[in-house]
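Enquirer: Take a look at the following structure, please.
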Amino acid sequence: MPTYKVSKSSSTSRRKALSLRVASLGEVAAMPCSVCAATRSLCVFSDQSTKCSECVRRGVSCDGNFSGEDFDKLSEEKARLEAARTRAIAEAASLDRRIEALKKAQGKMIAREAAALEELEREEERQAQQANVALESVFDEQQLAAFFGAPEGSDSGGGNSQVSQG
Ligand SMILES: [Zn+2]
Ligand SMILES: [Zn+2]
C-alpha cells in the first residue's frame, strides 16, 4: 500500500522536524526520561510538548516528568543568568572607564612633575647665571682698579687744567 508508506515517511519527517524544534527551543531536563537515560541521549523538553525531543524523534511514548513549572523554573534560571551576564558586562565597562580615568590622572601627574622639574631647572640655571654675573662684576671691578688705578693716582690731568686756568 503506497499510501501507508507515504504517510509513514511523512510522519517520520514531521517527527524529525518537531524533534528539532523541541531540541532548539526546549530546555535540557534535570532528570532525563527513561528512553534518553537508556540511550544516553540529551533529554530536551519544551512546555509545548509532552514528549522530549528524543521520544518525539523516535515516535515512542515519553515517561519524562516534565511539568510546565519545571520548564518555567529553568527559563527563570536562564533569564537570571542572562541578567547576571548583562550586569557583568556593564561592570566590566565601568571598570574599563575607571582604569582609563586612573591612567589619565597618572598622565597628568607625570606632566605636572615634568613641568615642575623644568621650572626647577630654569630656576637653578637663573641662579647659576646670577652667580656668574656676580663673579664677573667682582672681576670687572678688579680689572677697573688695575686699569684705572694709576690715572686716578697721578696729577698729570689736573696739572693741565691748572695751566689753562692760570
Ligand atoms: Zn528524553
Ligand atoms: Zn522522552
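Chain labels follow the order of the C-alpha cells: the first chain is A, the next B, and so on; residue numbering restarts at 1 in every chain, and ligands are counted from 1 in their shown order.
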With only C-alpha atoms and all ligand atoms counted and 10 Å as the cut-off, give the residues of chain A in contact with ligand 2, each with its shortest interatomic distance in Å and the pair that gives it, as JSON lines.
Expert:
{"residue": "A:Ala29", "atom": "CA", "partner": "ligand 2", "partner_atom_place_in_ligand_line": "1 (Zn)", "distance": 9.7}
{"residue": "A:Pro32", "atom": "CA", "partner": "ligand 2", "partner_atom_place_in_ligand_line": "1 (Zn)", "distance": 7.2}
{"residue": "A:Cys33", "atom": "CA", "partner": "ligand 2", "partner_atom_place_in_ligand_line": "1 (Zn)", "distance": 4.7}
{"residue": "A:Ser34", "atom": "CA", "partner": "ligand 2", "partner_atom_place_in_ligand_line": "1 (Zn)", "distance": 6.7}
{"residue": "A:Val35", "atom": "CA", "partner": "ligand 2", "partner_atom_place_in_ligand_line": "1 (Zn)", "distance": 5.5}
{"residue": "A:Cys36", "atom": "CA", "partner": "ligand 2", "partner_atom_place_in_ligand_line": "1 (Zn)", "distance": 5.9}
{"residue": "A:Ala37", "atom": "CA", "partner": "ligand 2", "partner_atom_place_in_ligand_line": "1 (Zn)", "distance": 8.7}
{"residue": "A:Ser41", "atom": "CA", "partner": "ligand 2", "partner_atom_place_in_ligand_line": "1 (Zn)", "distance": 9.3}
{"residue": "A:Leu42", "atom": "CA", "partner": "ligand 2", "partner_atom_place_in_ligand_line": "1 (Zn)", "distance": 9.4}
{"residue": "A:Cys43", "atom": "CA", "partner": "ligand 2", "partner_atom_place_in_ligand_line": "1 (Zn)", "distance": 6.4}
{"residue": "A:Val44", "atom": "CA", "partner": "ligand 2", "partner_atom_place_in_ligand_line": "1 (Zn)", "distance": 8.0}
{"residue": "A:Phe45", "atom": "CA", "partner": "ligand 2", "partner_atom_place_in_ligand_line": "1 (Zn)", "distance": 8.0}
{"residue": "A:Thr50", "atom": "CA", "partner": "ligand 2", "partner_atom_place_in_ligand_line": "1 (Zn)", "distance": 8.7}
{"residue": "A:Lys51", "atom": "CA", "partner": "ligand 2", "partner_atom_place_in_ligand_line": "1 (Zn)", "distance": 5.5}
{"residue": "A:Cys52", "atom": "CA", "partner": "ligand 2", "partner_atom_place_in_ligand_line": "1 (Zn)", "distance": 4.3}
{"residue": "A:Ser53", "atom": "CA", "partner": "ligand 2", "partner_atom_place_in_ligand_line": "1 (Zn)", "distance": 6.8}
{"residue": "A:Glu54", "atom": "CA", "partner": "ligand 2", "partner_atom_place_in_ligand_line": "1 (Zn)", "distance": 5.7}
{"residue": "A:Cys55", "atom": "CA", "partner": "ligand 2", "partner_atom_place_in_ligand_line": "1 (Zn)", "distance": 4.3}
{"residue": "A:Val56", "atom": "CA", "partner": "ligand 2", "partner_atom_place_in_ligand_line": "1 (Zn)", "distance": 7.4}
{"residue": "A:Arg57", "atom": "CA", "partner": "ligand 2", "partner_atom_place_in_ligand_line": "1 (Zn)", "distance": 9.4}
{"residue": "A:Arg58", "atom": "CA", "partner": "ligand 2", "partner_atom_place_in_ligand_line": "1 (Zn)", "distance": 9.1}
{"residue": "A:Gly59", "atom": "CA", "partner": "ligand 2", "partner_atom_place_in_ligand_line": "1 (Zn)", "distance": 9.7}
{"residue": "A:Val60", "atom": "CA", "partner": "ligand 2", "partner_atom_place_in_ligand_line": "1 (Zn)", "distance": 7.9}
{"residue": "A:Ser61", "atom": "CA", "partner": "ligand 2", "partner_atom_place_in_ligand_line": "1 (Zn)", "distance": 6.9}
{"residue": "A:Cys62", "atom": "CA", "partner": "ligand 2", "partner_atom_place_in_ligand_line": "1 (Zn)", "distance": 3.9}
{"residue": "A:Asp63", "atom": "CA", "partner": "ligand 2", "partner_atom_place_in_ligand_line": "1 (Zn)", "distance": 6.0}
{"residue": "A:Gly64", "atom": "CA", "partner": "ligand 2", "partner_atom_place_in_ligand_line": "1 (Zn)", "distance": 5.3}
{"residue": "A:Asn65", "atom": "CA", "partner": "ligand 2", "partner_atom_place_in_ligand_line": "1 (Zn)", "distance": 9.0}
{"residue": "A:Phe66", "atom": "CA", "partner": "ligand 2", "partner_atom_place_in_ligand_line": "1 (Zn)", "distance": 9.4}
Enquirer: Taking the DSSP assignment computed from this structure's backbone, write out as number ranges by chain all residues of segment 1-71 of chain A that belong to alpha helix (DSSP H).
Expert: A: 2-25, 34-39, 53-58, 68-71
Enquirer: Please dump the current selection as a short mmCIF file (atom, residue, chain, number, x, y, z; two decimals), in the first residue's frame; keep N, CA and C atoms.
Expert:
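out39.cif, freshly written:
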data_model
loop_
_atom_site.label_atom_id
_atom_site.label_comp_id
_atom_site.auth_asym_id
_atom_site.auth_seq_id
_atom_site.Cartn_x
_atom_site.Cartn_y
_atom_site.Cartn_z
N PRO A 2 0.89 1.94 -1.15
CA PRO A 2 1.76 3.13 -1.26
C PRO A 2 1.35 4.25 -0.32
N THR A 3 0.02 4.39 -0.10
CA THR A 3 -0.44 5.50 0.75
C THR A 3 0.09 5.35 2.17
N TYR A 4 0.12 4.12 2.66
CA TYR A 4 0.62 3.85 4.02
C TYR A 4 2.07 4.27 4.13
N LYS A 5 2.85 3.88 3.05
CA LYS A 5 4.27 4.20 3.02
C LYS A 5 4.51 5.71 3.06
N VAL A 6 3.75 6.40 2.21
CA VAL A 6 3.88 7.86 2.13
C VAL A 6 3.56 8.48 3.48
N SER A 7 2.45 7.99 4.07
CA SER A 7 2.01 8.53 5.35
C SER A 7 3.07 8.32 6.43
N LYS A 8 3.68 7.12 6.44
CA LYS A 8 4.70 6.81 7.45
C LYS A 8 5.92 7.70 7.29
N SER A 9 6.35 7.80 5.98
CA SER A 9 7.51 8.63 5.70
C SER A 9 7.23 10.08 6.07
N SER A 10 6.00 10.50 5.79
CA SER A 10 5.62 11.88 6.10
C SER A 10 5.64 12.11 7.61
N SER A 11 5.09 11.16 8.38
CA SER A 11 5.07 11.34 9.83
C SER A 11 6.49 11.28 10.40
N THR A 12 7.34 10.45 9.77
CA THR A 12 8.73 10.36 10.23
C THR A 12 9.43 11.70 10.08
N SER A 13 9.27 12.32 8.89
CA SER A 13 9.94 13.61 8.66
C SER A 13 9.35 14.69 9.56
N ARG A 14 8.02 14.58 9.80
CA ARG A 14 7.39 15.57 10.70
C ARG A 14 7.87 15.38 12.13
N ARG A 15 8.06 14.12 12.53
CA ARG A 15 8.59 13.84 13.88
C ARG A 15 9.98 14.43 14.02
N LYS A 16 10.79 14.24 12.96
CA LYS A 16 12.15 14.78 12.97
C LYS A 16 12.12 16.30 13.12
N ALA A 17 11.24 16.92 12.32
CA ALA A 17 11.15 18.39 12.35
C ALA A 17 10.73 18.87 13.74
N LEU A 18 9.71 18.19 14.30
CA LEU A 18 9.22 18.59 15.63
C LEU A 18 10.30 18.35 16.69
N SER A 19 11.00 17.22 16.55
CA SER A 19 12.07 16.89 17.48
C SER A 19 13.14 17.99 17.48
N LEU A 20 13.48 18.46 16.27
CA LEU A 20 14.48 19.53 16.13
C LEU A 20 13.99 20.82 16.78
N ARG A 21 12.68 21.11 16.57
CA ARG A 21 12.13 22.33 17.16
C ARG A 21 12.15 22.26 18.68
N VAL A 22 11.77 21.09 19.22
CA VAL A 22 11.79 20.90 20.68
C VAL A 22 13.23 21.05 21.19
N ALA A 23 14.16 20.42 20.45
CA ALA A 23 15.56 20.45 20.87
C ALA A 23 16.11 21.87 20.85
N SER A 24 15.70 22.67 19.85
CA SER A 24 16.26 24.02 19.73
C SER A 24 15.59 25.01 20.68
N LEU A 25 14.30 24.82 20.95
CA LEU A 25 13.58 25.78 21.80
C LEU A 25 13.49 25.32 23.25
N SER A 34 13.24 7.82 30.72
CA SER A 34 13.90 6.50 30.70
C SER A 34 14.49 6.19 29.34
N VAL A 35 13.83 6.66 28.25
CA VAL A 35 14.36 6.41 26.90
C VAL A 35 15.70 7.10 26.74
N CYS A 36 15.77 8.37 27.12
CA CYS A 36 17.02 9.13 27.00
C CYS A 36 18.09 8.56 27.93
N ALA A 37 17.65 8.14 29.13
CA ALA A 37 18.59 7.56 30.09
C ALA A 37 19.18 6.28 29.52
N ALA A 38 18.32 5.45 28.87
CA ALA A 38 18.77 4.17 28.31
C ALA A 38 19.66 4.36 27.08
N THR A 39 19.32 5.35 26.27
CA THR A 39 20.09 5.57 25.02
C THR A 39 21.18 6.63 25.19
N SER A 53 12.44 15.66 23.05
CA SER A 53 12.79 15.69 21.63
C SER A 53 13.17 14.31 21.12
N GLU A 54 13.85 13.52 21.97
CA GLU A 54 14.30 12.18 21.57
C GLU A 54 13.10 11.25 21.36
N CYS A 55 12.15 11.31 22.28
CA CYS A 55 10.97 10.46 22.17
C CYS A 55 10.08 10.90 21.01
N VAL A 56 10.06 12.22 20.72
CA VAL A 56 9.32 12.71 19.56
C VAL A 56 9.95 12.13 18.30
N ARG A 57 11.30 12.18 18.26
CA ARG A 57 12.03 11.71 17.07
C ARG A 57 11.79 10.20 16.86
N ARG A 58 11.82 9.46 17.96
CA ARG A 58 11.65 8.00 17.88
C ARG A 58 10.19 7.60 17.71
N GLY A 68 5.18 22.06 33.25
CA GLY A 68 5.31 23.46 32.84
C GLY A 68 6.08 24.24 33.89
N GLU A 69 5.89 23.83 35.16
CA GLU A 69 6.54 24.52 36.27
C GLU A 69 8.06 24.35 36.18
N ASP A 70 8.47 23.09 35.89
CA ASP A 70 9.90 22.82 35.73
C ASP A 70 10.48 23.67 34.60
N PHE A 71 9.70 23.69 33.50
CA PHE A 71 10.16 24.45 32.34
C PHE A 71 10.32 25.92 32.70
#
Enquirer: Just give me the gap between atom CA of Ala131 of chain A and atom CA of Leu117 of chain A in Å, one decimal is fine.
Expert: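 That distance, rounded to one decimal, is 20.9 Å.
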Enquirer: What separation in Å, quoted to one decimal, exists between atom CA of Gly26 of chain A and atom CA of Glu76 of chain A?
Expert: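 Taking atom CA of Gly26 of chain A and atom CA of Glu76 of chain A, their separation equals 13.2 Å.
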